[in-house]
Each structure stands twice: as C-alpha cells, then as structure tokens.
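Chemist: Following this message is one structure expressed as structure tokens.
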Amino acid sequence: MKKFTLHEGLVAPLDRANVDTDMIIPKQFLKSIKRSGFGPNLFDELRYLDEGQPDQDSSQRPLNPDFVLNKPRYQGCSVLLARKNFGCGSSREHAPWALEDFGIRAIIAPSYADIFFNNSFKNGLLPIILDEAIVDSLFQAVEANEGYQLTINLEKQVVVKPDGTELAFEIDAFRKHCLLNGLDDIGLTLEQADAIKRYEASRRQTAPWLFS
Amino acid sequence: MAGKTLYDKLWDDHLVSENSDGSALLYIDRHLLHEVTSPQAFEGLRLAGRKPWRIDTNLATPDHNVQTTDRSGGVDSIVDPISRIQVKTLDENCDSYGITEFKMNDPRQGIVHVVGPEQGATLPGMTVVCGDSHTATHGAFAALAHGIGTSEVEHVLATQCLIAKKMKNMLIRVTGKLGIGVTAKDVVLHVIGVIGTAGGTGYAIEFGGDAIRSISMEGRMTICNMAIEAGARVGLVAVDQKTIDYVKGRPFAPKADQWEQAVAAWQNLVSDEDAVFDQIVEINAEDIYPQVTWGTSPEMVAPVTALVPDPAEMTDPVKREGTERALHYMGLKPNQKITDIQLDRVFIGSCTNSRIEDLREAAAVVKGKKVASSLKQALVVPGSGLVKQQAEAEGLDKIFIEAGMEWREPGCSMCLAMNPDKLGAGEHCASTSNRNFEGRQGFGGRTHLVSPAMAAAAAVAGHFVDIRDIISA
C-alpha cells in the first residue's frame with residue numbers, strides 16, 4: 001500500500017451531498033478484472049456528455065464543461081472537498097481505486113459511508129472528517145481563491161490552511177500506523193495466526209456445525 | 001451489568017483479538033463470492049504467494065454479469081467480452097482453489113444473497129461477509145453480515161478474519177399491525193424516509209417489534225437488505241421459530257445431533273431485555289403506507305398517495321438543492337401526483353425482491369390482466385434457479401407471460417444493469433430493487449423503488465396506483 005505522510009495539494013470542491021459510488025464509478029467499469037486504470041472514468045456520467053464504455057479512449061470524449069473537475073482552475077487537484085455521506089451505496093472498491101488513479105490523495109468531508117471509508121484506507125487514500133461548519137468555510141475559501149491549496153500532515157493529524165491555521169482531525173491509531181508506514185494489513189493479521197487457530201479450536205467445541 | 005444486544009453477542013462470539021484503540025480481529029464463518037469484486041482479491045493472493053485459510057467457508061456464484069435470456073450456450077454465450085472474462089475468471093479462481101461455486105448453468109446459481117439463505121449456507125449466529133453491500137440481507141437470520149471491499153475479500157481469503165471496529169447499536173422498533181397491501185419493502189422504505197440515507201451510518205441496526213415478528217423470513221431479508229440504504233452496514237432480526245423453521249433441512253444446514261445442538265445455541269440470539277441501545281427509533285406500523293421513491297436517493301420516498309415534494313418549501317439549502325437536482329434528473333414537477341408518473345418499464349427482481357413470496361405477490365396482482373400497452377417492457381427475474389423452478393411449478397411463469405411480461409433466467413439483471421438488461425435515457429421504471437441513484441439502471445434511467453405488488457399493479461396501469469385500491473376492490 002502507498003504511504004501517506006505529508007501531502008500538499010490543490011483542492012477541488014464537489015458541492016453535493018450523498019455522492020454515491022455509482023456516481024464515483026459507474027457499473028460498466030466494474031467489469032474489469034484489474035485494480036488500476038479507473039481514473040479516466042472517475043465521475044464518468046458527470047464528467048462526460050456521452051455514455052462511457054469500458055474499452056474506450058476517454059481522451060476523445062466530449063467533456064461536460066460545467067463539471068467541477070473539468071474546470072481549468074482545478075486541473076491537477078489532489079484533495080477533494082465534499083459534502084456529507086460521501087461514498088454511499090455499493091461496496092465497490094473501484095471507487096477509491098478510481099479516485100486514487102485520478103490523482104486524489106485525500107478527501108475532506110463532514111461524513112462518509114462506512115464501507116467507502118474503510119476501503120479508502122486500504123488504498124492509501126485518506127478520508128478526513130471535519131465539522132460541517134469548517135467544511136462549509138473551506139468551500140467558501142476554495143471558491144474565492146483560485147489555486148487554493150491545503151497541506152495534510154497525517155503524523156500531526158492536522159489540515160493546514162494557506163495562512164498556517166491548523167484544523168485537527170481524528171483517526172484510528174491502527175489506520176494511521178498502516179498509512180504512515182504503507183503496511184499490508186494481511187501480513188499484520190497473519191502475525192496473529194496462532195490466535196486465529198486457538199479461536200478455531202475453541203469454536204469447534206462450542207459450534208461444531210460451523211466446521212463440518 | 002447491562003444485558004447484551006444481539007449485535008454485542010455476535011461480536012463477542014467472533015472476537016479473535018482486540019487492540020487498545022478498539023480495532024479487533026473478527027473471525028468470519030461464511031464468505032460469499034461473486035465475479036465483480038473478487039478477481040483482484042484472488043490476484044492479490046497469488047501475487048503475495050498466499051493460500052486461502054479455510055476453503056470450506058467460501059461459496060461462490062456469478063450473478064451481476066450473467067444474461068437473463070437464453071444460456072444454453074454456456075459462459076461462451078455471454079455477449080459482452082469483458083463480462084465474459086469476468087465470469088470465466090471467477091470459474092477459474094474457484095476451480096483452482098477448490099471453492100464450491102454454483103456456475104452460470106447450475107440450477108442452484110442465482111443472486112448471491114438469495115442463494116446463501118436458500119442453501120442454508122447462511123445460518124443464525126454466523127458472521128457472513130461478501131464483496132457486496134447488500135450482504136446486510138443475511139442479518140435476517142441473526143447473522144452478523146455485512147459488505148466488504150475487495151481488499152477485505154483478499155484479507156478474508158488469506159486469514160479467515162477481518163480487521164473491524166465495533167459499531168454502535170440502534171434498535172428500530174416497528175409496533176402494531178401492518179395494513180393490507182403494506183409489505184416488508186414499504187416498511188424499509190418508510191424507515192429510510194424517516195432516518196435518512198446516513199441515519200444508520202456507524203450503527204448495526206436491529207429491527208424489532210411485533211410488526212417485524214409478524215413478517216416472514218423472506219420479508220425480513222428484504223428489510224435487512226436495505227439497511228445499507230439507511231447507511232448501516234448491518235441489519236439484524238432476532239431468532240424466532242420462523243428463523244429455525246426456514247433453515248431446517250436446507251443443504252448446508254446442520255444435520256442430525258448437530259441440528260439440536262445448533263438450535264439450542266440459536267435460542268440465545270436475541271437482545272437481552274435489559275440490553276442498552278445507543279439509539280432507539282419507534283415506528284408505528286399503522287403510519288406505513290405503500291411507498292414510491294420519487295428522487296435519486298432512497299430517502300427521497302413518499303406514500304403512493306402523496307405529491308412530489310416542492311423544493312421551494314424547504315429551508316435547508318443543501319436539501320433544497322439536492323431535491324431540485326433530483327427532480328430535474330427525474331423529469332418530475334413539484335406537487336405532481338405520484339400516481340400520475342407514467343412508466344416505460346417495470347422490473348421485478350434483485351436481491352431485495354426476487355424470492356418466491358415476492359413473485360407470488362406480483363403474480364397475484366397481474367393474474368388474468370394485461371400489462372399496459374404504453375409499457376416498453378415488464379421484466380420478471382427470479383433470484384435463483386431454484387426460485388425459478390419453484391415459480392414454474394406453481395404456474396407463476398405462465399401468469400406473467402400471459403400478462404405480457406418477460407420471464408427470465410436468474411441474476412442481478414436490471415438492478416444495476418451490468419448485464420444487457422437496462423433502462424434507456426429518460427425512461428421511468430417501477431423497480432423492486434434497492435437503489436434509485438442516477439444512472440443506476442442505465443445511463444439517464446429514472447428509477448422508482450416499490451414493492452413487488454406495487455410494481456405489478458403499476459405494470460398493469462402504466463402508472464403508479466395505490467395497491468390498496470386493487471386489493472380491497
């Protein structure tokens with residue numbers, strides 16, 4: 001997994017609540033058996049004027065000029081500012097894969113859907129939760145200042161504004177440790193193989209039907 | 001010490017270890033797999049040189065990509081080459097590791113969330129996971145069941161465990177008697193309308209109360225299935241005699257002595273009387289009417305007798321803007337009668353509503369009638385090959401076909417349109433599925449979520465009608 005320590009990047013505002021995973025990456029792209037290459041189809045139905053197909057060259061497709069990520073001032077963005085319940089809907093990990101492949105390293109929103117939130121951490125994509133009022137003020141700041149950048153310091157658990165103001169955020173210690181070090185959590189779990197085997201041995205006694 | 005909720009008990013029973021920050025290792029009893037979210041997990045396993053921890057807990061079936069028309073040509077007859085590769089990849093992965101799979105032309109194939117319970121592969125007290133958010137369905141059996149991402153699919157394959165953090169407890173208590181024509185689907189749509197699509201985020205929701213107890217196992221599956229549409233990864237219903245009767249005799253269910261032992265253990269799978277919930281939502285069953293979604297989120301729902309809401313009357317700017325955007329996408333006007341929405345297609349199917357009781361309810365409504373001539377298509381897609389066989393044994397297929405509906409092979413079909421069944425741009429569909437997101441059923445398609453009986457009645461009328469007018473007439 002890609003490490004996440006310190007990141008400074010251009011912020012793009014996606015000003016709508018309940019952005020679902022069908023919106024982030026529509027179903028026709030889930031037919032791929034690969035983990036990469038979803039970036040050109042991130043927000044496909046919002047981003048392009050035509051209906052996208054999996055094996056198509058997206059650089060030749062008509063762009064929707066009104067969609068925020070198509071605006072010249074947000075080209076090269078790597079921090080996505082979003083509204084509440086971001087990533088609701090299906091469990092498709094293709095959603096964080098598409099965001100990551102597009103170049104997004106962190107998301108800032110008041111809340112996320114649980115499965116999307118969990119999937120993001122597995123892919124070095126940091127979903128930051130900030131209060132709704134703070135998120136509101138960031139939307140205004142991004143809107144008012146072209147080239148608005150934020151710095152995210154995971155070690156210190158702060159988002160740093162251009163004027164140096166620090167906005168603190170919470171994160172689970174285990175997730176933080178994995179992100180900072182780019183750790184593969186399967187490897188970590190397998191270090192507990194003996195505990196898993198002990199659990200199985202005891203469960204086999206109390207619930208044998210689960211082992212026959 | 002306070003008693004435990006059902007969720008607390010399931011959590012404690014599966015705890016392998018727990019860290020000081022609350023993250024824990026949870027043991028997984030059943031891992032269901034389908035073709036869409038598993039290929040990258042198997043590939044990851046191979047690249048890391050790992051092997052599945054316990055083959056016998058895995059059960060797979062292809063469901064999202066399979067066509068619902070003629071399948072006699074086997075997997076090679078899947079027209080879309082990318083879909084075909086995905087289904088073949090599942091077959092190859094299962095064959096190479098020796099994982100039990102109900103392949104496309106196996107009569108036991110179907111939507112993974114219909115197949116699990118049907119086979120008795122979902123049992124009370126289990127932890128059940130699958131790379132699919134509608135895994136919440138299996139919570140109807142008092143199993144701790146939730147969707148996971150592909151990285152977690154790989155994690156479960158490799159370790160038989162998940163790294164998890166305990167959720168909070170919510171009880172949604174539905175009390176009283178459900179009205180005629182009001183089904184499990186209406187109950188869960190009403191609940192989502194009350195608590196919102198993020199209302200259950202961070203919670204495991206237990207559905208309780210006498211109205212829930214009165215609902216069949218299949219109806220309880222419909223309710224738990226859509227817990228995720230209220231933001232909760234987990235939906236639960238406590239064990240009662242209905243649960244045990246449903247499981248008994250199914251192919252994967254415990255046999256002989258173990259059956260008695262299991263049933264005795266399952267009796268404990270209820271929340272203790274003094275259990276403490278972080279949140280309790282009280283719902284009066286008599287307040288629930290047949291529901292129809294009018295917008296692009298499952299919380300945008302109203303009784304069939306209502307009018308489409310008017311954003312001008314909303315004070316919250318985010319909500320107003322969301323409603324305006326939804327009405328624009330749906331091609332609806334504020335204060336329009338829901339019963340005036342004209343339909344282009346009807347879809348009866350999906351992991352929410354494709355079981356035998358759903359098909360019986362729909363067939364009872366269309367029996368002896370014809371689908372409105374204004375409809376382009378009315379599709380009935382059973383949830384599994386065994387549901388299809390049962391429906392045909394009861395003559396339901398003939399009722400649908402005589403009414404002018406199409407009777408298909410099992411799969412996810414038009415719920416998410418990964419296969420050829422989809423809506424055209426601008427088309428309105430009465431659908432028994434679970435998500436009305438923009439583009440969900442096809443690019444530009446407009447989905448209205450309803451119960452099977454409401455979908456069937458809408459197919460006959462060509463627009464929404466109040467099912468209670470038909471049943472009582």
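Scheme for the structure tokens: letters A, B, ... for chains in order shown; per-chain residue numbers from 1; ligand numbers from 1 in order shown.
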Just list as number ranges by chain whatever in range 29-204 of chain A DSSP marks as alpha helix (DSSP H).
Modeler: A: 44-47, 94-102, 114-121, 132-144, 173-181, 185-190, 193-204
Chemist: Using only C-alpha atoms, which chain A residues lie at most 8 Å away from chain B, written as a ChimeraX atom specification?
Modeler: /A:16-18,20,22-23,26-28,30-35,45,51,85,88-93,113-115,119,122,172-174,185-186,189-190,193,195-196,199,207-210
Chemist: Keeping only N, CA and C atoms, take the residues you just selected and write them out as a compact mmCIF listing (two decimals), in the first residue's frame.
Modeler:
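To be explicit, this is the file written out as result-v6.txt:
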```txt
# COMPACT_ATOMS: atom_id res chain seq x y z
N ARG A 16 -22.02 18.64 -3.47
CA ARG A 16 -23.31 17.95 -3.36
C ARG A 16 -23.23 16.88 -2.28
N ALA A 17 -24.34 16.68 -1.59
CA ALA A 17 -24.39 15.67 -0.53
C ALA A 17 -24.70 14.30 -1.12
N ASN A 18 -24.44 13.25 -0.35
CA ASN A 18 -24.81 11.88 -0.73
C ASN A 18 -24.24 11.44 -2.08
N ASP A 20 -22.84 9.04 -4.36
CA ASP A 20 -22.84 7.59 -4.23
C ASP A 20 -21.75 6.97 -5.10
N ASP A 22 -22.03 4.70 -7.34
CA ASP A 22 -22.41 4.59 -8.76
C ASP A 22 -22.00 5.87 -9.50
N MET A 23 -22.04 6.99 -8.78
CA MET A 23 -21.65 8.26 -9.37
C MET A 23 -20.13 8.32 -9.50
N PRO A 26 -19.31 4.40 -12.47
CA PRO A 26 -20.49 3.66 -12.91
C PRO A 26 -20.19 2.18 -13.20
N LYS A 27 -21.27 1.39 -13.10
CA LYS A 27 -21.13 -0.08 -13.10
C LYS A 27 -20.43 -0.68 -14.31
N GLN A 28 -20.56 -0.06 -15.49
CA GLN A 28 -19.96 -0.73 -16.66
C GLN A 28 -18.45 -0.87 -16.53
N LEU A 30 -16.95 -1.74 -13.75
CA LEU A 30 -16.63 -2.74 -12.73
C LEU A 30 -16.36 -4.10 -13.35
N LYS A 31 -16.51 -4.19 -14.67
CA LYS A 31 -16.30 -5.48 -15.32
C LYS A 31 -14.82 -5.80 -15.46
N SER A 32 -13.97 -4.82 -15.21
CA SER A 32 -12.54 -5.04 -15.33
C SER A 32 -12.07 -6.00 -14.24
N ILE A 33 -11.10 -6.84 -14.56
CA ILE A 33 -10.54 -7.71 -13.53
C ILE A 33 -9.25 -7.13 -12.97
N LYS A 34 -8.96 -5.87 -13.36
CA LYS A 34 -7.75 -5.20 -12.86
C LYS A 34 -8.09 -4.23 -11.73
N ARG A 35 -7.06 -3.74 -11.08
CA ARG A 35 -7.18 -2.83 -9.96
C ARG A 35 -6.87 -1.39 -10.37
N GLU A 45 -20.34 9.83 -15.51
CA GLU A 45 -21.60 10.38 -16.01
C GLU A 45 -21.70 11.89 -15.78
N GLU A 51 -22.25 8.53 -23.03
CA GLU A 51 -22.23 7.36 -22.14
C GLU A 51 -20.92 6.62 -22.34
N ASN A 85 -22.03 12.26 3.88
CA ASN A 85 -22.36 10.91 3.40
C ASN A 85 -21.69 10.61 2.06
N CYS A 88 -21.67 6.84 -0.41
CA CYS A 88 -22.73 5.91 -0.02
C CYS A 88 -23.04 4.95 -1.16
N GLY A 89 -23.75 3.88 -0.84
CA GLY A 89 -24.10 2.89 -1.86
C GLY A 89 -23.25 1.65 -1.79
N SER A 90 -22.81 1.18 -2.92
CA SER A 90 -22.23 -0.16 -3.01
C SER A 90 -20.86 -0.25 -2.38
N SER A 91 -20.38 -1.48 -2.22
CA SER A 91 -19.10 -1.74 -1.55
C SER A 91 -17.93 -1.67 -2.53
N ARG A 92 -18.19 -1.33 -3.79
CA ARG A 92 -17.15 -1.40 -4.82
C ARG A 92 -15.89 -0.63 -4.43
N GLU A 93 -14.77 -1.35 -4.35
CA GLU A 93 -13.50 -0.70 -4.04
C GLU A 93 -12.99 0.06 -5.26
N ALA A 113 -19.85 7.27 4.00
CA ALA A 113 -20.48 5.97 4.19
C ALA A 113 -19.41 5.00 4.71
N ASP A 114 -19.82 4.07 5.57
CA ASP A 114 -18.86 3.21 6.28
C ASP A 114 -17.95 2.38 5.36
N ILE A 115 -18.54 1.74 4.35
CA ILE A 115 -17.74 0.80 3.55
C ILE A 115 -16.73 1.59 2.71
N ASN A 119 -12.71 1.22 2.79
CA ASN A 119 -11.97 0.87 1.56
C ASN A 119 -10.88 1.89 1.24
N LYS A 122 -7.46 1.29 2.72
CA LYS A 122 -6.72 0.15 2.17
C LYS A 122 -5.95 0.55 0.93
N ASP A 172 -8.19 6.60 13.65
CA ASP A 172 -7.84 5.44 14.49
C ASP A 172 -6.33 5.24 14.47
N ALA A 173 -5.79 4.88 15.62
CA ALA A 173 -4.34 4.70 15.74
C ALA A 173 -3.83 3.63 14.76
N PHE A 174 -4.58 2.53 14.65
CA PHE A 174 -4.13 1.43 13.79
C PHE A 174 -4.11 1.85 12.31
N ASP A 185 -2.08 -4.96 5.63
CA ASP A 185 -2.69 -5.46 6.86
C ASP A 185 -2.89 -6.98 6.87
N ILE A 186 -2.84 -7.62 5.70
CA ILE A 186 -2.92 -9.10 5.70
C ILE A 186 -1.68 -9.66 6.40
N THR A 189 -2.11 -9.29 10.09
CA THR A 189 -3.06 -10.26 10.65
C THR A 189 -2.42 -11.65 10.74
N LEU A 190 -1.66 -12.00 9.72
CA LEU A 190 -1.06 -13.34 9.74
C LEU A 190 -0.03 -13.50 10.86
N ALA A 193 -1.56 -15.57 13.51
CA ALA A 193 -2.06 -16.87 13.06
C ALA A 193 -2.36 -17.82 14.23
N ALA A 195 -3.30 -17.07 17.26
CA ALA A 195 -4.54 -16.65 17.93
C ALA A 195 -5.75 -17.09 17.11
N ILE A 196 -5.64 -17.00 15.79
CA ILE A 196 -6.76 -17.42 14.93
C ILE A 196 -6.99 -18.93 15.09
N TYR A 199 -8.66 -19.65 18.37
CA TYR A 199 -10.09 -19.32 18.29
C TYR A 199 -10.84 -20.46 17.60
N ALA A 207 -19.39 -24.74 18.66
CA ALA A 207 -20.27 -24.68 17.48
C ALA A 207 -19.73 -25.59 16.38
N PRO A 208 -19.76 -26.91 16.62
CA PRO A 208 -19.12 -27.85 15.68
C PRO A 208 -19.75 -27.83 14.28
N TRP A 209 -21.03 -27.43 14.20
CA TRP A 209 -21.69 -27.42 12.89
C TRP A 209 -21.07 -26.41 11.92
N LEU A 210 -20.29 -25.47 12.47
CA LEU A 210 -19.64 -24.49 11.58
C LEU A 210 -18.35 -25.05 10.99
```
Chemist: Just checking: using only C-alpha atoms, which residue out of B:Gly49, B:Pro410, B:Pro251, B:Gly368 ends up closest to Leu396 in chain B?
Modeler: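 Closest candidate: B:Gly368.
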Chemist: Measuring between only C-alpha atoms, which one of A:Gln192, A:Ser137, A:Thr165, A:Gln149 shows the shortest distance to Leu80 in chain A?
Modeler: A:Gln149
Chemist: Have a look at A:Ala109, A:Ile171, A:Lys84, A:Ile104 and name the one nearest to Gly196 in chain B; count only C-alpha atoms.
Modeler: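 So, comparing all the options, the nearest one is A:Lys84.
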Chemist: Please compute the CA of Gln267 in chain B-CA of Ala143 in chain B distance, one decimal, in Å.
Modeler: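 The value is 12.8 Å.
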Chemist: Which of these, B:Met414, B:Leu359, B:Leu307, B:Met217, has the shortest distance to Val247 in chain B once you count only C-alpha atoms?
Modeler: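 So, comparing all the options, the nearest one is B:Met217.
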Chemist: Please, what distance in Å, to one decimal, runs between CA of Gly235 in chain B and CA of Val304 in chain B?
Modeler: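 One can read the CA of Gly235 in chain B to CA of Val304 in chain B distance as 25.6 Å.
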Chemist: As an MDAnalysis selection string, list the residues of range 50-295 of chain B assigned to strand (DSSP E or B) by DSSP on the backbone atoms of this structure.
Modeler: chainID B and resid 58:60 100:101 110 127:130 144:147 161:165 168:175 203:208 234:236 275 279:284 291:293
Chemist: Would you mind exporting the chosen residues as a compact mmCIF listing (two decimals), in the first residue's frame, restricted to N, CA and C atoms?
Modeler:
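Contents of the output file again.txt:
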```
# COMPACT_ATOMS: atom_id res chain seq x y z
N ASN B 58 -16.03 -20.74 1.97
CA ASN B 58 -16.30 -19.93 0.78
C ASN B 58 -17.37 -20.56 -0.10
N LEU B 59 -18.24 -19.73 -0.63
CA LEU B 59 -19.27 -20.19 -1.57
C LEU B 59 -19.44 -19.10 -2.62
N ALA B 60 -19.38 -19.50 -3.89
CA ALA B 60 -19.38 -18.50 -4.97
C ALA B 60 -20.47 -18.77 -6.00
N THR B 100 -16.33 -24.12 -3.63
CA THR B 100 -17.64 -24.50 -4.16
C THR B 100 -18.25 -23.31 -4.90
N GLU B 101 -18.63 -23.55 -6.16
CA GLU B 101 -19.25 -22.49 -6.96
C GLU B 101 -20.46 -23.04 -7.69
N GLY B 110 -27.61 -18.16 -8.79
CA GLY B 110 -28.55 -17.06 -8.60
C GLY B 110 -27.85 -15.88 -7.96
N THR B 127 -20.92 -15.14 11.26
CA THR B 127 -20.50 -13.91 10.60
C THR B 127 -20.48 -14.24 9.10
N VAL B 128 -21.11 -13.38 8.31
CA VAL B 128 -21.20 -13.59 6.87
C VAL B 128 -20.70 -12.33 6.18
N VAL B 129 -19.73 -12.47 5.30
CA VAL B 129 -19.29 -11.30 4.53
C VAL B 129 -19.26 -11.63 3.04
N CYS B 130 -19.29 -10.58 2.24
CA CYS B 130 -19.25 -10.72 0.79
C CYS B 130 -18.86 -9.36 0.23
N LEU B 144 -24.31 -11.91 11.80
CA LEU B 144 -23.62 -10.62 11.67
C LEU B 144 -23.06 -10.56 10.25
N ALA B 145 -23.76 -9.84 9.38
CA ALA B 145 -23.46 -9.91 7.95
C ALA B 145 -23.28 -8.51 7.39
N HIS B 146 -22.19 -8.31 6.67
CA HIS B 146 -22.04 -7.00 6.03
C HIS B 146 -21.13 -7.06 4.81
N GLY B 147 -21.27 -6.04 3.99
CA GLY B 147 -20.47 -5.94 2.77
C GLY B 147 -19.05 -5.52 3.09
N CYS B 161 -10.28 -13.82 8.69
CA CYS B 161 -10.65 -12.78 9.65
C CYS B 161 -10.77 -11.43 8.94
N LEU B 162 -11.37 -10.50 9.64
CA LEU B 162 -11.45 -9.12 9.20
C LEU B 162 -10.95 -8.23 10.32
N ILE B 163 -10.30 -7.14 9.95
CA ILE B 163 -9.98 -6.13 10.96
C ILE B 163 -11.22 -5.24 11.04
N ALA B 164 -11.79 -5.15 12.22
CA ALA B 164 -13.06 -4.44 12.34
C ALA B 164 -13.07 -3.59 13.60
N LYS B 165 -14.00 -2.68 13.63
CA LYS B 165 -14.18 -1.87 14.82
C LYS B 165 -15.66 -1.97 15.17
N LYS B 168 -21.98 1.01 16.69
CA LYS B 168 -22.94 1.33 17.75
C LYS B 168 -24.22 0.53 17.49
N ASN B 169 -25.06 0.46 18.52
CA ASN B 169 -26.32 -0.31 18.43
C ASN B 169 -27.51 0.61 18.21
N MET B 170 -28.31 0.28 17.21
CA MET B 170 -29.57 1.00 17.01
C MET B 170 -30.71 -0.01 16.95
N LEU B 171 -31.80 0.31 17.63
CA LEU B 171 -33.00 -0.53 17.52
C LEU B 171 -34.07 0.26 16.77
N ILE B 172 -34.59 -0.35 15.72
CA ILE B 172 -35.75 0.24 15.06
C ILE B 172 -36.93 -0.67 15.38
N ARG B 173 -37.82 -0.15 16.20
CA ARG B 173 -38.93 -0.98 16.69
C ARG B 173 -40.20 -0.59 15.94
N VAL B 174 -40.73 -1.54 15.21
CA VAL B 174 -41.95 -1.29 14.44
C VAL B 174 -43.09 -2.01 15.16
N THR B 175 -44.01 -1.20 15.68
CA THR B 175 -45.05 -1.74 16.56
C THR B 175 -46.43 -1.58 15.92
N TYR B 203 -23.75 2.41 12.68
CA TYR B 203 -24.58 1.57 13.54
C TYR B 203 -24.80 0.18 12.92
N ALA B 204 -25.06 -0.79 13.82
CA ALA B 204 -25.70 -2.04 13.42
C ALA B 204 -27.16 -1.85 13.81
N ILE B 205 -28.06 -2.00 12.86
CA ILE B 205 -29.48 -1.78 13.16
C ILE B 205 -30.16 -3.11 13.42
N GLU B 206 -30.80 -3.22 14.58
CA GLU B 206 -31.68 -4.37 14.81
C GLU B 206 -33.12 -3.93 14.57
N PHE B 207 -33.83 -4.69 13.74
CA PHE B 207 -35.24 -4.41 13.50
C PHE B 207 -36.04 -5.29 14.45
N GLY B 208 -36.85 -4.67 15.28
CA GLY B 208 -37.64 -5.44 16.24
C GLY B 208 -39.06 -4.92 16.31
N VAL B 234 -24.91 -3.16 8.72
CA VAL B 234 -25.52 -4.36 9.30
C VAL B 234 -26.98 -4.11 9.64
N GLY B 235 -27.85 -5.03 9.20
CA GLY B 235 -29.24 -5.07 9.65
C GLY B 235 -29.44 -6.41 10.34
N LEU B 236 -30.24 -6.46 11.38
CA LEU B 236 -30.41 -7.71 12.13
C LEU B 236 -31.86 -7.92 12.52
N ALA B 275 -30.84 -4.97 27.55
CA ALA B 275 -29.77 -4.50 26.66
C ALA B 275 -29.92 -3.01 26.42
N GLN B 279 -29.23 4.10 20.26
CA GLN B 279 -30.36 4.87 19.72
C GLN B 279 -31.55 3.94 19.46
N ILE B 280 -32.73 4.43 19.78
CA ILE B 280 -33.95 3.65 19.51
C ILE B 280 -34.89 4.52 18.67
N VAL B 281 -35.38 3.94 17.57
CA VAL B 281 -36.33 4.65 16.72
C VAL B 281 -37.65 3.89 16.78
N GLU B 282 -38.70 4.58 17.17
CA GLU B 282 -40.01 3.94 17.27
C GLU B 282 -40.82 4.25 16.02
N ILE B 283 -41.37 3.22 15.42
CA ILE B 283 -42.19 3.40 14.22
C ILE B 283 -43.53 2.72 14.48
N ASN B 284 -44.60 3.42 14.13
CA ASN B 284 -45.93 2.86 14.27
C ASN B 284 -46.31 2.21 12.94
N GLN B 291 -45.13 2.58 -0.51
CA GLN B 291 -44.15 3.62 -0.77
C GLN B 291 -43.70 3.65 -2.24
N VAL B 292 -43.31 4.84 -2.69
CA VAL B 292 -42.72 5.02 -4.02
C VAL B 292 -41.59 6.04 -3.88
N THR B 293 -40.41 5.76 -4.41
CA THR B 293 -39.37 6.80 -4.39
C THR B 293 -39.56 7.69 -5.62
```
Chemist: Considering only C-alpha atoms, return as number ranges by chain whatever protein or nucleic-acid residues lie within 7 Å of Pro311 in chain B, sequence-local ones (same chain, fewer than 4 positions apart) excluded.
Modeler: B: 320, 323-324
Chemist: Would you mind exporting C-alpha atoms of the selected residues as a compact mmCIF listing (two decimals), in the first residue's frame?
Modeler:
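Result file is part-v6.txt:
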```
# COMPACT_ATOMS: atom_id res chain seq x y z
CA ARG B 320 -33.38 22.09 -1.38
CA THR B 323 -34.24 17.98 -4.32
CA GLU B 324 -34.09 20.41 -7.25
```
Chemist: If you count only C-alpha atoms, which residues fall within 10 Å of Cys351 in chain B, apart from same-chain ones fewer than 2 positions away, as a short mmCIF file (atom, residue, chain, number, x, y, z; two decimals) with C-alpha atoms, in the first residue's frame?
Modeler:
```cif
data_model
loop_
_atom_site.label_atom_id
_atom_site.label_comp_id
_atom_site.auth_asym_id
_atom_site.auth_seq_id
_atom_site.Cartn_x
_atom_site.Cartn_y
_atom_site.Cartn_z
CA GLY B 110 -28.55 -17.06 -8.60
CA ILE B 111 -28.08 -13.76 -6.81
CA VAL B 112 -25.56 -14.49 -4.08
CA HIS B 113 -27.85 -13.06 -1.36
CA VAL B 114 -30.73 -15.28 -2.47
CA VAL B 115 -28.51 -18.36 -2.82
CA HIS B 134 -26.31 -5.98 0.20
CA THR B 135 -24.73 -8.68 2.35
CA THR B 137 -29.60 -9.26 3.78
CA MET B 221 -34.44 -10.40 4.27
CA THR B 222 -35.95 -7.55 2.22
CA ASN B 225 -31.11 -5.98 2.63
CA MET B 226 -31.84 -2.27 2.56
CA GLY B 349 -36.23 -8.84 -9.29
CA ASN B 353 -37.32 -8.74 -4.01
CA SER B 354 -36.80 -11.82 -6.19
CA ARG B 355 -37.73 -14.63 -3.83
CA PRO B 382 -36.19 -14.75 -10.30
CA GLY B 383 -33.43 -14.60 -7.69
CA SER B 384 -32.10 -18.09 -8.29
CA GLY B 411 -29.31 -12.84 -11.82
CA CYS B 412 -28.93 -9.24 -10.68
CA CYS B 415 -30.98 -3.70 -10.61
CA THR B 432 -38.40 -3.71 -6.88
CA SER B 433 -34.64 -3.18 -6.48
CA ASN B 434 -32.80 -1.14 -3.84
#
```
Chemist: Could you list, as JSON, numbers by chain, every residue within 8 Å of range 66-71 of chain A, counting only C-alpha atoms and ignoring same-chain residues fewer than 2 positions away?
Modeler: {"A": [12, 13, 14, 46, 47, 63, 64, 73, 74, 75]}
Chemist: Could the residues in this selection be written to a file with N, CA and C atoms, as a PDB file, in the first residue's frame?
Modeler:
```
ATOM      1  N   ALA A  12     -10.210  20.657  -4.925  1.00  0.00           N
ATOM      2  CA  ALA A  12     -11.368  20.817  -5.819  1.00  0.00           C
ATOM      3  C   ALA A  12     -12.639  20.586  -5.010  1.00  0.00           C
ATOM      4  N   PRO A  13     -13.659  21.449  -5.163  1.00  0.00           N
ATOM      5  CA  PRO A  13     -14.887  21.321  -4.372  1.00  0.00           C
ATOM      6  C   PRO A  13     -15.985  20.557  -5.125  1.00  0.00           C
ATOM      7  N   LEU A  14     -16.494  19.503  -4.534  1.00  0.00           N
ATOM      8  CA  LEU A  14     -17.616  18.775  -5.140  1.00  0.00           C
ATOM      9  C   LEU A  14     -18.824  19.036  -4.248  1.00  0.00           C
ATOM     10  N   LEU A  46     -20.947  12.393 -14.826  1.00  0.00           N
ATOM     11  CA  LEU A  46     -20.960  13.837 -14.580  1.00  0.00           C
ATOM     12  C   LEU A  46     -19.910  14.525 -15.452  1.00  0.00           C
ATOM     13  N   ARG A  47     -18.853  13.783 -15.743  1.00  0.00           N
ATOM     14  CA  ARG A  47     -17.679  14.388 -16.358  1.00  0.00           C
ATOM     15  C   ARG A  47     -17.776  14.491 -17.872  1.00  0.00           C
ATOM     16  N   LEU A  63     -16.343  16.511 -23.101  1.00  0.00           N
ATOM     17  CA  LEU A  63     -16.381  16.804 -21.673  1.00  0.00           C
ATOM     18  C   LEU A  63     -17.557  17.697 -21.322  1.00  0.00           C
ATOM     19  N   ASN A  64     -18.090  17.519 -20.117  1.00  0.00           N
ATOM     20  CA  ASN A  64     -19.123  18.411 -19.610  1.00  0.00           C
ATOM     21  C   ASN A  64     -18.420  19.630 -19.004  1.00  0.00           C
ATOM     22  N   ARG A  73      -9.261  25.695 -13.555  1.00  0.00           N
ATOM     23  CA  ARG A  73      -8.631  26.065 -12.284  1.00  0.00           C
ATOM     24  C   ARG A  73      -8.428  24.877 -11.338  1.00  0.00           C
ATOM     25  N   TYR A  74      -9.128  23.755 -11.631  1.00  0.00           N
ATOM     26  CA  TYR A  74      -8.973  22.593 -10.743  1.00  0.00           C
ATOM     27  C   TYR A  74      -8.130  21.473 -11.354  1.00  0.00           C
ATOM     28  N   GLN A  75      -7.517  21.744 -12.505  1.00  0.00           N
ATOM     29  CA  GLN A  75      -6.669  20.712 -13.115  1.00  0.00           C
ATOM     30  C   GLN A  75      -5.487  20.434 -12.192  1.00  0.00           C
TER      31      GLN A  75
END
```
